[in-house]
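One structure below.
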2 protein chains.
Amino acid sequence: MRRTIHTFFEPRSLAVIGASRTPGRPGHVVLQNLLDNGYPGAVYPVNPEAKEILGLRAYPTIASLPDGVEVGIILLPARATPQALRECVAKGMGHIVLSAGGFAEYDDRGGSIQSELSEIIKDTGVRVLGPNTSGHTSTPARLTTSFFPLGKIRPGHLSYIAQTGNFATHTMKLILTSEHYGVARVVGLGNKIDVEESEALEYLGDDPQTRAILIYLESISRPREFLGVASRVTRHKPVIMLKTGATDAGRQAAVAHTAALGTEDRLVDGLLRQAGVARISDYTHLILVGRALSTAPLPRGNRVAVLAPSGAMLVSLADLCIRLELSLPELEAQTIQRLESHSGGFIRLRNPVDIWALTSKCGIKQAYEEGIAAVMHDPNVDAVAAVLMLTADQERPSLSLLLDIAHENPNKPLLLSFTGDWQCIEEFAREAALLGLATFMEIEQPLEVLSVLCRCRRSMDRPS
Amino acid sequence: MRRTIHTFFEPRSLAVIGASRTPGRPGHVVLQNLLDNGYPGAVYPVNPEAKEILGLRAYPTIASLPDGVEVGIILLPARATPQALRECVAKGMGHIVLSAGGFAEYDDRGGSIQSELSEIIKDTGVRVLGPNTSGHTSTPARLTTSFFPLGKIRPGHLSYIAQTGNFATHTMKLILTSEHYGVARVVGLGNKIDVEESEALEYLGDDPQTRAILIYLESISRPREFLGVASRVTRHKPVIMLKTGATDAGRQAAVAHTAALGTEDRLVDGLLRQAGVARISDYTHLILVGRALSTAPLPRGNRVAVLAPSGAMLVSLADLCIRLELSLPELEAQTIQRLESHSGGFIRLRNPVDIWALTSKCGIKQAYEEGIAAVMHDPNVDAVAAVLMLTADQERPSLSLLLDIAHENPNKPLLLSFTGDWQCIEEFAREAALLGLATFMEIEQPLEVLSVLCRCRRSMDRPS
């Protein structure tokens with residue numbers, strides 16, 4: 001009987017086959033990451049020569065390991081991997097992570113090795129992640145099998161499924177060092193000879209630690225299965241996907257990367273739409289949407305109020321709203337009155353709101369505080385994107401006041417971006433992000449992520 | 001006879017009508033900006049009460065000014081502007097900047113005042129910028145008429161034409177504080193009752209200080225004229241335009257901003273294509289393309305080599321290339337050999353180049369130095385976009401070596417972006433930008449700007 005994948009995320013013990021005494025080698029970094037994350041289970045390094053690595057007792061062979069080890073991580077060259085897998089299976093390990101590359105994505109010989117791996121686990125019930133993965137992560141279990149030096153991974157409620165190692169390597173490092181959000185689970189699928197996206201998505205859909213799921217895929221292994229699973233999950237959790245290989249050039253690159261055979265993109269698009277998955281097209285949005293999901297609520301609808309200190313920004317952002325299928329509702333008479341009471345009276349006030357009319361009369365601080373409060377409280381508005389102008393010679397808006405306004409409207413995302421003096425911007429953005437406000441360094445980004453959040457909301461609201 | 005607009009950019013004397021003694025008021029900031037920029041001509045503040053402002057002798061009325069003042073800047077409320085304009089004309093000033101808003105963009109009354117302004121200059125030959133402009137800039141003349149505190153404006157060889165005040169206000173502040181490039185001329189068109197984009201573009205097309213022109217427009221006043229001028233200019237200088245009001249919502253916002261009446265967007269698109277203007281759709285690209293134009297050459301063609309430490313990034317960037325009409329050429333056998341000689345041999349090497357194969361064998365420093373040198377010297381490649389992975393525990397690529405490689409290939413843009421440890425990235429990016437390398441904080445941006453540069457190149461190469 002095939003085991004579930006749960007043990008990958010909550011194992012009591014791990015063996016690291018290919019553990020190394022040399023700092024910087026993958027087989028050493030995996031151990032260091034486990035220690036840095038405080039993994040509370042048992043860790044068994046396997047190395048033919050070492051007695052001990054990083055204070056952990058090492059074992060010369062897989063056969064010499066104690067019985068009952070739950071997860072094995074194999075960090076060996078491709079050609080040595082089948083034999084190690086056989087020994088792990090023989091030892092009774094039910095869950096194996098196959099790291100390193102050199103399989104079907106590389107050449108025909110690698111392809112044969114990969115077939116051999118499939119053959120070995122066939123009918124055993126043993127579950128495999130990879131090959132050609134850089135590992136997986138489960139912060140509730142204080143666990144990562146990544147071979148990239150990550151240090152302590154911040155816990156959070158977003159999970160990633162990725163047909164790439166990046167979310168166990170440099171992109172995770174970028175998230176840990178440039179963002180404030182953490183992750184729950186990360187599944188690096190690799191060449192997916194066994195565990196693939198449908199099963200991973202189903203698992204995360206039921207996972208109480210996971211509130212939203214971001215996916216990077218180059219191919220969909222079982223489209224019908226995926227449609228079924230995703231259609232269920234998207235009704236109660238946001239699911240966002242970058243499906244690449246949309247072009248011939250992308251498909252060719254995907255073959256070299258994960259031996260993925262891409263599908264006609266039109267079909268993928270239709271499938272994802274039907275499944276309620278919010279498709280994105282920029283890699284960077286896997287991070288920016290994560291930032292928004294972790295700091296702002298999902299909006300109730302797509303009616304956005306935009307504030308900026310500049311007509312030109314407003315015109316170009318209005319164009320962008322329409323391209324992104326966001327709407328710009330009319331504001332209530334009361335909101336307009338409130339805005340006009342602070343205005344210098346030479347700019348027409350409507351949505352999008354030209355805050356210059358207010359700043360020139362009552363200064364930047366009051367203009368934004370009043371302007372943002374007014375539109376956030378307007379019942380016609382589901383979300384607010386404000387471009388703050390910050391300069392050295394004028395007082396900036398109060399962060400605690402903006403936070404209060406956001407908290408008073410728990411279903412309305414308030415997303416900030418900036419213009420003006422770069423030093424003031426950097427300082428304000430840093431503080432705002434620390435306090436949990438959603439901030440973005442380009443004025444288009446709040447609307448780009450809002451459109452994704454709105455699509456997630458539509459999926460959750462759709463009739464079953 | 002109608003004067004040319006040259007005097008706006010190289011005036012010997014200026015009068016500031018509505019000069020103020022109060023710091024922070026527009027009529028005070030204009031004077032401060034002139035002083036900060038070291039404008040060498042004569043400056044005459046006009047103020048009914050002051051004897052002196054910021055050390056400059058003030059004049060109570062326009063009539064009391066010395067004869068021969070070349071440019072007048074009127075900073076008065078809309079209703080007081082026609083009378084001031086009449087007096088400037090009577091005094092013999094040939095060039096007037098009409099700042100402040102409250103004209104046709106605001107209401108019908110403002111519309112009547114605006115018509116009155118047109119009437120006043122009719123048949124006088126007097127030239128007007130605005131109304132509803134925040135001024136203009138000419139760094140070769142050490143001059144700005146902006147009423148936003150800017151300090152010293154960095155000289156450079158890019159010029160902006162903008163139907164918005166932003167490039168005389170907060171966006172210019174952002175450029176001055178976050179970018180390393182400077183500007184030659186900035187023309188804030190405002191509601192353009194006289195000077196409009198065609199004339200400004202013609203002037204900048206002939207201006208030896210201007211090497212490339214970036215334009216923000218909400219409406220094209222004389223499309224046929226513009227087509228003629230732009231078709232000539234784009235043959236020898238890059239011309240990039242954000243034309244907003246592409247949607248109904250955008251067009252409505254434009255009316256409120258500059259009273260601009262937008263045209264059917266399809267027609268605009270066709271016109272710009274025919275004229276050889278590279279159209280962009282994001283406001284932020286007015287800055288990012290400026291950064292690229294000021295640090296990198298125009299590529300000879302659209303064949304791009306992409307390097308990244310990640311198959312997933314390469315697949316998604318390959319898709320992006322195709323969407324942006326960039327091509328991914330095959331590399332020469334010699335280039336592949338050079339890459340393979342540094343590779344760990346488990347990743348297929350082709351364009352896009354997965355640099356992970358090299359980093360895992362010879363470390364980040366050598367991988368990028370060798371990888372970038374190899375593709376930059378490949379005759380099949382017109383431009384290179386490299387995603388550098390930077391981490392705290394590995395040596396980073398040598399900046400001086402990257403600079404050398406860029407200089408050895410003076411017709412190939414080398415554009416950098418980053419992944420990895422944010423602190424390392426910020427530090428490296430700052431130093432690289434200071435040295436004049438083109439760096440971008442998101443991996444999509446180098447390709448986005450390259451596609452714009454390629455379109456500029458195509459316009460310059462097209463048969464006449």
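Chains: A, B, ... in order of the structure tokens. Residues: from 1 per chain. Ligands: from 1, in order shown.
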
**Glu448 in chain A environment, 9 Å, only C-alpha atoms, sequence neighbours closer than 6 positions dropped, as a list of chain:residue names** =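 Skipping anything fewer than 6 positions along the chain leaves A:His285, A:Val289, A:Leu320, A:Cys321, A:Leu324.
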
**Message:** Should the cut-off be 8 Å, what would the residue list for chain A against chain B look like, counting only C-alpha atoms, as a ChimeraX atom specification?
**Reply:** /A:101-102,105-107,163-166,170-174,177-178,244-251,253-254,256-258,281-284,310-319,322,328,346-348,352,389,419-423,442-444

Restricted to C-alpha atoms, what would the selected residues look like written as a CSV table (one decimal), in the first residue's frame?
chain,number,residue,atom,x,y,z
A,101,GLY,CA,20.9,16.4,-10.6
A,102,GLY,CA,22.1,14.5,-13.6
A,105,GLU,CA,17.0,16.6,-17.4
A,106,TYR,CA,20.7,16.1,-18.3
A,107,ASP,CA,21.1,13.3,-20.9
A,163,GLN,CA,9.2,22.1,-9.7
A,164,THR,CA,12.5,23.7,-9.0
A,165,GLY,CA,15.0,23.8,-6.1
A,166,ASN,CA,14.9,27.6,-5.8
A,170,HIS,CA,18.6,31.1,-3.3
A,171,THR,CA,15.0,32.3,-3.6
A,172,MET,CA,14.3,31.1,-0.1
A,173,LYS,CA,17.5,32.9,1.0
A,174,LEU,CA,16.1,36.0,-0.7
A,177,THR,CA,16.7,38.2,4.0
A,178,SER,CA,14.5,40.7,2.1
A,244,THR,CA,6.2,28.4,-17.2
A,245,GLY,CA,7.0,26.9,-20.5
A,246,ALA,CA,4.4,29.1,-22.0
A,247,THR,CA,6.5,29.6,-25.1
A,248,ASP,CA,8.6,27.3,-27.3
A,249,ALA,CA,11.8,28.8,-25.8
A,250,GLY,CA,10.5,28.3,-22.3
A,251,ARG,CA,9.5,24.7,-23.1
A,253,ALA,CA,14.5,25.5,-21.3
A,254,ALA,CA,12.2,23.4,-19.1
A,256,ALA,CA,16.9,21.1,-19.8
A,257,HIS,CA,15.8,22.0,-16.3
A,258,THR,CA,13.5,19.2,-15.1
A,281,SER,CA,3.5,35.3,-15.3
A,282,ASP,CA,6.5,36.8,-13.4
A,283,TYR,CA,8.8,34.9,-11.2
A,284,THR,CA,9.2,37.9,-8.9
A,310,SER,CA,0.3,63.0,-9.2
A,311,GLY,CA,-2.3,63.0,-12.0
A,312,ALA,CA,0.1,61.2,-14.3
A,313,MET,CA,0.6,58.4,-11.9
A,314,LEU,CA,-3.2,58.2,-11.4
A,315,VAL,CA,-3.8,58.1,-15.2
A,316,SER,CA,-1.3,55.4,-15.7
A,317,LEU,CA,-2.5,53.4,-12.7
A,318,ALA,CA,-6.1,53.8,-13.9
A,319,ASP,CA,-5.0,52.2,-17.2
A,322,ILE,CA,-8.4,48.1,-16.3
A,328,LEU,CA,-12.3,52.0,-10.0
A,346,PHE,CA,-7.8,73.4,-7.6
A,347,ILE,CA,-7.9,69.7,-8.4
A,348,ARG,CA,-11.0,67.7,-9.1
A,352,PRO,CA,-8.4,57.7,-8.5
A,389,MET,CA,5.1,60.9,-1.4
A,419,THR,CA,7.7,58.4,-4.6
A,420,GLY,CA,9.9,61.3,-3.5
A,421,ASP,CA,13.2,61.2,-1.6
A,422,TRP,CA,14.7,57.7,-1.7
A,423,GLN,CA,16.3,57.8,1.7
A,442,GLU,CA,7.2,50.2,-7.4
A,443,ILE,CA,3.9,51.9,-7.9
A,444,GLU,CA,2.5,49.2,-10.2

**Request:** Pull the strand (DSSP E) assignments for range 39-72 of chain A out of DSSP run on the backbone, and list those residues as a ChimeraX atom specification.
**Result:** /A:42-46,52-53,56-57,71-72

Can I get the selection written as a short mmCIF file (atom, residue, chain, number, x, y, z; two decimals), in the first residue's frame, with N, CA and C atoms?
data_model
loop_
_atom_site.label_atom_id
_atom_site.label_comp_id
_atom_site.auth_asym_id
_atom_site.auth_seq_id
_atom_site.Cartn_x
_atom_site.Cartn_y
_atom_site.Cartn_z
N ALA A 42 15.67 12.42 15.40
CA ALA A 42 17.01 11.82 15.32
C ALA A 42 17.57 12.02 13.92
N VAL A 43 18.87 12.34 13.85
CA VAL A 43 19.54 12.53 12.55
C VAL A 43 20.70 11.55 12.46
N TYR A 44 20.76 10.78 11.37
CA TYR A 44 21.80 9.76 11.19
C TYR A 44 22.61 10.04 9.93
N PRO A 45 23.79 10.61 10.07
CA PRO A 45 24.65 10.79 8.89
C PRO A 45 25.20 9.43 8.43
N VAL A 46 25.23 9.23 7.12
CA VAL A 46 25.85 8.02 6.57
C VAL A 46 27.07 8.44 5.76
N GLU A 52 31.96 10.67 13.14
CA GLU A 52 31.07 11.68 13.70
C GLU A 52 31.10 12.88 12.76
N ILE A 53 29.97 13.51 12.54
CA ILE A 53 29.95 14.76 11.76
C ILE A 53 29.08 15.76 12.50
N LEU A 56 27.27 14.61 15.41
CA LEU A 56 26.31 13.50 15.26
C LEU A 56 27.07 12.22 14.94
N ARG A 57 26.70 11.11 15.57
CA ARG A 57 27.33 9.83 15.27
C ARG A 57 27.03 9.43 13.83
N VAL A 71 12.79 8.82 7.22
CA VAL A 71 13.08 9.51 5.95
C VAL A 71 14.56 9.40 5.62
N GLY A 72 14.86 9.07 4.38
CA GLY A 72 16.24 9.08 3.92
C GLY A 72 16.45 10.19 2.91
#

**Message:** Please determine, counting only C-alpha atoms, which residue among B:Val304, B:Leu204, B:Leu272, B:Leu75 has the shortest atom-to-atom distance to Ser146 in chain B.
**Reply:** B:Leu75
